Every structure is written in C-alpha cells, then in structure tokens.
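Working notes, structure below.
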Amino acid sequence: MQAGTFGSHILTFSGRTDTKYAKLLKQFPQLQSVTICAQVQFDSTYMGVSTVFSYSISSFINEFQLRANIVRGQHIQLALLVHGVHSPYSQAVENNGKWHHLCVSWTRHGGGWAIAADGSVISSGEQLYISEDIGAGGVFIVGQEQDTFGGSFRKDESFVGNITQLHIWDRVLNASEIQALAEKCFIIPLGLFFQWNISIFEIESTVQVHKGFSQCKVHEIYLFFHSVGGDGFQTTEPFDIVWVDGTKPLFHNISSDVSHPVNEGPCVAFDPLTGTWTTELCSKQKEALCRYNKDIYEQMQEISSLPPSPFFLHVKEKSVGVSIADYLLLNKSNYPQNVTSANHITNVLLEAADESHVKLTSADLLALTRFLGNVAELDFATEANNSEAIMSLATNYIKLASKIIDVKCSFEWLIISEVIHGPYVIIHSVDILAEKLSDILLSIGQSIILSTENIDMQIKASQLSSLESDLVYKPKCLSARNRVDEIQIDSSEMSRLLTLGYSELIFIHTYYRSVEHHLTPHNSDFVFRAGSSDKRLQTSQLQTAVISSTVRNPVSARNIPSAVQYSLSHRAVVGFSKFATPTCVFWNFSLQDGRYAGWSNQGCQVIQFESEITTCFCNHTTNFAVLMQFTEIQWGLETEVILNKLTFIGSGASLCALVVTLTLFTVLDIPKSDRTSIHKNLFVALIAAQVVLLSSDSATNSKSACTAVTALLHLFFMAAFAWMMVEGLLLWSKVVTVNLSEERRMKYYYLIGWGLPVLIVTITLAAAHDKYIADRYCWLNVHNGVIWAFVGPVIFIIMVNMFVLTRVVLITMSTAKRRAIMLAVNSSPIEQAYDQIRAAVKAVLVLLPILGLTWLSGVLVPLSVVMAYIFVILNSLQC
C-alpha cells in the first residue's frame, strides 16, 4: 500500500462549461470487473446533473460513467452507467461543499454493482449489463460526459468542483478495503490498474491544477503509539491550505488534521528496534522513534513500560487470575523460558486477536513480532517429551502469525516498514520454529500439518528409498484453493541425495498468502541481481504468494542443499499499455556487503512464464516468490491502432501483388530455370504466410487453434527466409563465382527452402509444445526462449545475404566503372563516381527486398515509433 501524499495534485473545474476536461492517457484492456475511487468536492452552488467521469469506446460512447444529480436542499444523488444501462439514483452525501470519498464498482459476473460514499456502501444491485466485458481501447474523461468518442461535451452535464486521488482497479474492492481506503488514504495494490498521477493526463488549458494536503488523518511514523488519555503527543491547531499559486481553495478546506511536533524542548523517546529509552528533541524528525512528554512518560512508567493499546488492554482482561506480568512480558526482556508459559501467553494473545472489535496497531505488530521471534528461539529439544504442549504451542503460534500477516494489517505494516522488514520477519520466525519442530519430529510422529487462512505448514519425514516419484507440496489452506501454487523436488534430486548417504530426511514446506499485499512505502521491491552491485538494483513488484522448502537431516539437525522447482499463480498479465517480465527470487536474510535483507535472484531462473502462472527453478531451498517488472510500451493506443491498420492494409496489398505475380509466372511462357523456380517457391511461402497472418486474430480464443496458427506462421515465414537465402546463393553463383551453367541444383534448394523450416518447426514443437505460443496472441513465446527458433535462423540468413549483397554491390560498382571508362573516355571522375553510385543504389534497392534485408529495420523498432512505421511499410512493399 502507498499513502496518499500530503502534496496531492487537485483538478479544479470551475463553472458549467463544454470545454473543461482532463483525459487519461492510458490504454484500457477489456475489463471483466472494475472499481474506481476518487476524492470529490462538489460546488454546492450548482444544481442539476454532474458527470464526475466517463469512459467511452469507439463502438459505444456510454460504456462506463459516474453521474451525480444535485437537487437544492437534498443529498447529492449518485448513479452508475454501464454500457448504456443506468442504475437508479441513490442518496449519497450531503451537498455541503465538503470533500467526500466516492467509489463505484461493477463486475460482469451477475452484473453486480455498488456505490460507496465516505467508506460505506450506499447502494448496490445485480443485473447491470451482464452480457460482455467493458470494452478495451477507450477514452477516459474526468469532468465531462462524452457525446462522441472522446469529445463533444455538454455544458449542462459537466462537473463543477474539485477532484483528486482518482484510482482504478481491474477488480471489485470489498467493503473493508473501501472503508480502509476512505479512512486512511492508503492504496490497495492488488489489481491496481491506475494510480493517481497528474502527468498521465491531458488537461484542457482552462482546468486549474492545484496542490493541497490530503484529507486523511495520516500521522508521521513516530506518532503511531497511542498515548494515555490521548494527550501524549504535541500537535498543532488546524491550519488553512494555500494553493501553490498562492490563492485560497475554492470550496471547503481539505481536512488538515496532520499531527506533528512543535515543542522545541526534549522528549522521551522509545526505540522499538532496541527496546531502549532515550531523549530526543521533539522537533527532530527521526524514523522508528516514539516521543512522549516527560510528564506523560512518568505517568506511563507507573502503569507499564509502554502505553497499552486497546489490544493489550483486551489481553489484560483475558488474563484474569493470572499475574499481570504475563501480558507485560511482551514489552520486557524476560520472555517465556519454557513451552508451557509460551503456550499460555500465545493462547491468550490469540483469543484477544480473535475478537473482531479489536484492531491491531503498529505498536502491537512490533510487540507481537518480537514475541514470536523469542518463542521461536526456545529450546524445544529439552521438552520433546511434552509433545502435547509443543503441538498446542505450534498450532497457536501459526494461527497468531497468520492473523498478523493478514491483509487487514497492511496499513500498520506499512507504517513500521522502515523499522522492520514487514511480514518477512514473521516468515523468518516461522522458519526457525519449523526447523525446531523438525528436529523433534520423530519423537512426535511422522508428520506435522498446520493450516490456517494465510499460512500452511507441512513437516514430514520420508525414507528416500521409498520415494519413486517427484515430491510435490500443494498448500491446503483455503486461500490456496483454485490456485496452481506448488513446489516440487525432482526424483533425480532424491536419487542424488540418496547416493550422498542420506536414507531418511525431513521435508519442511510452508506457504504464505497475503504477503504480496504488504508493500514498501514506494510500492515496489528491489531485486539484488546475482553478480551485480547495489547500483544495478531492479525495481519490481511482488505478485505471488511466498512458498518455502527446506530439506533437513534429522541426525545432524542441519539443512541439506537441494534443487527445487516451484510454480506460483499471479494476476493475468493483460492490456496494451504494459508488458511484464517475471523474476524468480528468494528472500535473502543474510545479504553481504552491509546490505539489508531483500529479494535476490541468485541461483534462480524462469523456466516457464504464462499469463497467470510462472514456473521457476532454483538450485537451493529457502522462501521463494515471483516479482514482476512492468514496462510501458513505447507508443499509445492510437499509434497501435494505426500500425495494425497499416499492417492489415499492407499485408492485403502484398498478398494481392504476390498472387498476381505468381499467376503471371505460371500463365506466361517463361523459360524454366532455377531462378524462376526459386521465385515461385518464395512467392508461395510469402502468400501462405500472409494468408495465415491475416486470419490469425480469429484463433486467439482457442489454444489448439492458436498453436496450429503459430506453427504455420513459423513454418511459412521460416520458409520465406530460407528461400530468400536461396536467392542469395543463386545470386552469388551468377555474379560472384560467375557460374552461368543451368546445372540443376533445385533438389538442394528444396532441402534448404522447405526441408530446413519443417525440421526447425518440428524440433521446436517437440521440445516446447507446452510453452510454444505467447499469452495474448498467436505467435512464438518471447519469454522462455522459444522465439529464438525463429530469430536465430533469421539472423543467420540476414547475415549471409548481407555478405552476398556487399559483394554484389562492389562487383556492380566495379563493372559500372569499367563501362563508364569504355563508353565515355572523356567523362570526368565525378561523372564516373556518379555512375558507380547510381549502379550501387539501384542494386541495393532491387536486392534488399528479395534478400529479406528490409527486416533489419525491425531491430530498431524499440528505439522509435518512426522505425515501427518504416518496418511495416517496407515489409508491406517487399513484393
């Protein structure tokens, strides 16, 4: 999650107008579900219909729209419009000129829809346009309804007021997420399609852009502990907001309840990392310090070492008849020293956390994290005979850990993300506990299975000689159902371990859900690349659950290195605006060179990447995940549409020209020769490739049909390039070696032109039949190396033909020079040079297309959209 910043940009639409608008410059995919939220301030002086935002596609202008109806003396009414279907207007918020947080959501599954205001759902229903998805490639406009695709606004339906913090998700947010978003202004990362960024808008010149403070009550990090009586912090009085241009806001001031210290004197500070107290200047901002006035601190010391939160007060209530030290142990150094006391306190904490009305604070998470870490360090071996207490403690431990890594605690984890590494600290503690349990497993039984909502653990002892197939772990927790998440150790790896002398080993597997929702303050993660320095860090996003594997020797109580393969699900990678690159990573708790713990890809690699699943291989065991790096494409949707149309038109024209040319070669009485036979075969290959290409879009909905189309495209384009190489070989024999005999060599040419492509396609299909095609279109997969089955041979052919072309041009220039000397004895050197250049240019223009060298422009396409146009035009005119 990412906090709404204090300096958020605000769009101001003043007065009814048919000109003021802000257009979102982002390409939309098809959306089966959508949620759009924004902070909106209506001008209370304007009545009538007001369009907050509208989304239209080329075939339908009223695709998705939020409309407000403002009637004097009544609450503002809101309605949702989906593909022309209008929900009823619902009473939403008072027309008081204040800021309100509005959310609308819709899904095609049952046509479910909902409208929320200030964190509460005020209206919902079903059957609102259930036939199709929201269309792709549309135009999203803020402040106006669209009467035509992207334009023609109506003055009497325009929005008047202020809008900020508009976000779009490609899923339906639940009620608790919307409430947290409205109250805390922290963005839910899962499914986030667009995050408020004013630079991605085209803003009409008369729309004002201001910068103001967030309306949410976001506190500085050192203010997250609750003070006794609520008066332990230094705060300022509310202050007025001023726009960046020095003017006042047009309407009601945004709430400015931002707490920050003003006392210049000393404050007592607590450092959660070390558990120590110190003195700091109240005005000095420093991470991970909690400051209190000295008098408040002295009052707190009489009660406990830290001010109790509602959760700990509830723990105290649960601890009736038990020494008060039992719940204060969480904040002292004398943690439980045995399983029995640890189990008792863990059980009390779990019961308190189960109470729905108790909300864990950031301080609670710090204390609980420290407590779980200390419990994991207990000596279980000395109490191995007390198996019932150990299993009870392990069960309560995993249940408590599952609760505090839940997505409901995302905001609190984010607040302390600069103090500790979020839920990864919990993962580390669970790892330690699992290893302690495995060391005494044989005294308890053959396996331990603990499954909760967010954590699933399996510890199992196995005889290697009895394992005849791969060892596969699939999590059993509810959140992992309908997912393909798994981790496996190959049977060959088992055999290797057996040959090393291990007869019985303990396999520990753990699965963590909800971790992907706990993001850094910058909404990203860093990958420490193997063999690279800190300066080469890559920013990515965690998109999957975390899955863990450990192989342990029960005799020596040590972990055994082992290679694993794992598969993890992630949200489908769709849309025109981005493409994703997966990275297989593990959380490295012991990075070297003074670096903090973080994700590392050392020893891991992607072996398969699909739309909703990534499969990885790692040569070691630990906690694994998949990070995604999203990269924006070089051009917008309009350019994409134009290029597609040019490709279609050019391919159609090229196909017609090829058919006409092939017909002329067949009908006309042209003497048979190697040259005409090669031309005919090249034309046949290009015609077949163009026909399949033009019809490839119709096969995208069927995997088998798409595979067949991809194989045919691979074959015919490969054959076309092979025959282009044959053209080059024939040209070499006629011009360079000057072999003018009509000696039949066609059988060799056929082997190159058709045999070689068939061989390449057959081998590729046999070796990579399950990962042959791309995710969103019928072509070779570019993420797993399959594309090199086409690119590799093509590069070789182009290099051969470039060499041929160079030799032919040199010979042509030499011939032109001799001819100029013979025919024009008195010609000047400049005229002779001109004749040579003209002959060379003519040769290049004639031979470039037939040798396939126009495809070289394709290499430069990523550098500029101009090269994309050149590539499409040149290859459309190839024939």
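Scheme for the structure tokens: letters A, B, ... for chains in order shown; per-chain residue numbers from 1; ligand numbers from 1 in order shown.
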In region 380-581 of chain A, DSSP strand (DSSP E) residues written as number ranges by chain:
A: 447-451, 455-463, 471-473, 486-489, 504-512, 525-528, 538-542, 546-553, 558-559, 564-569, 578-581
From CA of Leu81 (chain A) to CA of Ser33 (chain A) the spacing works out at 14.0 Å
Do a neighbour search on Glu355 (chain A) at 12 Å with only C-alpha atoms, toss out local chain neighbours closer than 2 positions, and write the hits as a list of chain:residue names.
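Here the qualifying residues turn out to be A:Pro310, A:Phe311, A:His314, A:Val315, A:Lys318, A:Val348, A:Leu349, A:Leu350, A:Glu351, A:Ala352, A:Ala353, A:His357, A:Val358, A:Lys359, A:Leu360, A:Lys403.
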Test item: residues at most 8 Å from Ile678 (chain A), only C-alpha atoms, excluding those fewer than 4 positions along its chain, as a list in words:
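With the cut-off at 8 Å, the set is Asp674, Leu682, Trp723, Val726 and Glu727 of chain A.
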Take the residues from that selection and put them in a file with N, CA and C atoms, as a PDB file, in the first residue's frame.
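Final output, again36.pdb:
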```
ATOM      1  N   ASP A 674      16.348 -22.358 -62.733  1.00  0.00           N
ATOM      2  CA  ASP A 674      16.458 -22.321 -61.274  1.00  0.00           C
ATOM      3  C   ASP A 674      15.893 -21.012 -60.721  1.00  0.00           C
ATOM      4  N   LEU A 682       9.364 -18.890 -53.367  1.00  0.00           N
ATOM      5  CA  LEU A 682       9.364 -17.755 -52.442  1.00  0.00           C
ATOM      6  C   LEU A 682       7.985 -17.107 -52.395  1.00  0.00           C
ATOM      7  N   TRP A 723      14.030 -19.382 -48.536  1.00  0.00           N
ATOM      8  CA  TRP A 723      14.084 -19.155 -49.979  1.00  0.00           C
ATOM      9  C   TRP A 723      14.782 -17.833 -50.307  1.00  0.00           C
ATOM     10  N   VAL A 726      18.236 -18.789 -50.407  1.00  0.00           N
ATOM     11  CA  VAL A 726      18.496 -19.471 -51.685  1.00  0.00           C
ATOM     12  C   VAL A 726      18.659 -18.442 -52.799  1.00  0.00           C
ATOM     13  N   GLU A 727      17.848 -17.386 -52.789  1.00  0.00           N
ATOM     14  CA  GLU A 727      18.014 -16.291 -53.766  1.00  0.00           C
ATOM     15  C   GLU A 727      19.422 -15.712 -53.668  1.00  0.00           C
TER      16      GLU A 727
END
```
So how many Å separate CA of Ala401 (chain A) and CA of Ala384 (chain A), to one decimal?
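Between CA of Ala401 (chain A) and CA of Ala384 (chain A) the gap works out to 22.6 Å.
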According to DSSP computed on the backbone, where in region 379-619 of chain A is there alpha helix (DSSP H)? Give the residues as a PyMOL selection string.
chain A and resi 387-404+410-415+424-439+441-444+491-499
Just checking: using only C-alpha atoms, which residue out of A:Leu102, A:Leu751, A:Leu128, A:Ser567 ends up closest to Gln165 (chain A)?
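Closest residue, counting only C-alpha atoms: A:Leu102.
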Set the distance at 9 Å and use only C-alpha atoms: which residues neighbour Val104 (chain A) once local chain neighbours fewer than 5 positions away are removed? I'd like the list as a PyMOL selection string.
chain A and resi 34-37+66+80+113-117+172
Within 9 Å of Met718 (chain A) using only C-alpha atoms, minus same-chain residues under 6 positions, as a tab-separated table (two decimals) with N, CA and C atoms, in the first residue's frame:
```tsv
chain	number	residue	atom	x	y	z
A	685	ALA	N	5.55	-19.31	-50.38
A	685	ALA	CA	5.79	-19.20	-48.94
A	685	ALA	C	5.24	-17.88	-48.40
A	753	GLY	N	15.01	-24.68	-48.71
A	753	GLY	CA	13.82	-23.83	-48.69
A	753	GLY	C	12.65	-24.41	-47.92
A	754	TRP	N	12.43	-25.71	-47.99
A	754	TRP	CA	11.30	-26.32	-47.30
A	754	TRP	C	11.73	-27.31	-46.22
A	756	LEU	N	14.53	-27.46	-44.33
A	756	LEU	CA	15.07	-26.83	-43.13
A	756	LEU	C	13.99	-26.20	-42.26
A	757	PRO	N	13.01	-25.44	-42.79
A	757	PRO	CA	11.93	-24.90	-41.95
A	757	PRO	C	11.09	-25.99	-41.28
A	758	VAL	N	10.77	-27.05	-42.04
A	758	VAL	CA	9.98	-28.14	-41.45
A	758	VAL	C	10.75	-28.76	-40.28
A	760	ILE	N	13.07	-27.32	-38.36
A	760	ILE	CA	13.13	-26.37	-37.23
A	760	ILE	C	11.81	-26.34	-36.47
A	761	VAL	N	10.69	-26.26	-37.21
A	761	VAL	CA	9.38	-26.20	-36.56
A	761	VAL	C	9.09	-27.49	-35.81
A	790	PHE	N	12.99	-18.94	-34.28
A	790	PHE	CA	12.76	-18.16	-35.49
A	790	PHE	C	13.83	-17.08	-35.66
A	793	PRO	N	17.69	-18.48	-36.76
A	793	PRO	CA	17.90	-18.74	-38.20
A	793	PRO	C	17.77	-17.49	-39.06
A	794	VAL	N	16.83	-16.60	-38.69
A	794	VAL	CA	16.64	-15.38	-39.48
A	794	VAL	C	17.89	-14.49	-39.42
```
Need to verify the contact set: Asp439 (chain A), 10 Å, only C-alpha atoms, exclusion of same-chain residues closer than 6 positions in sequence. Can you return it as an MDAnalysis selection string?
chainID A and resid 380:381 384 506 552:558
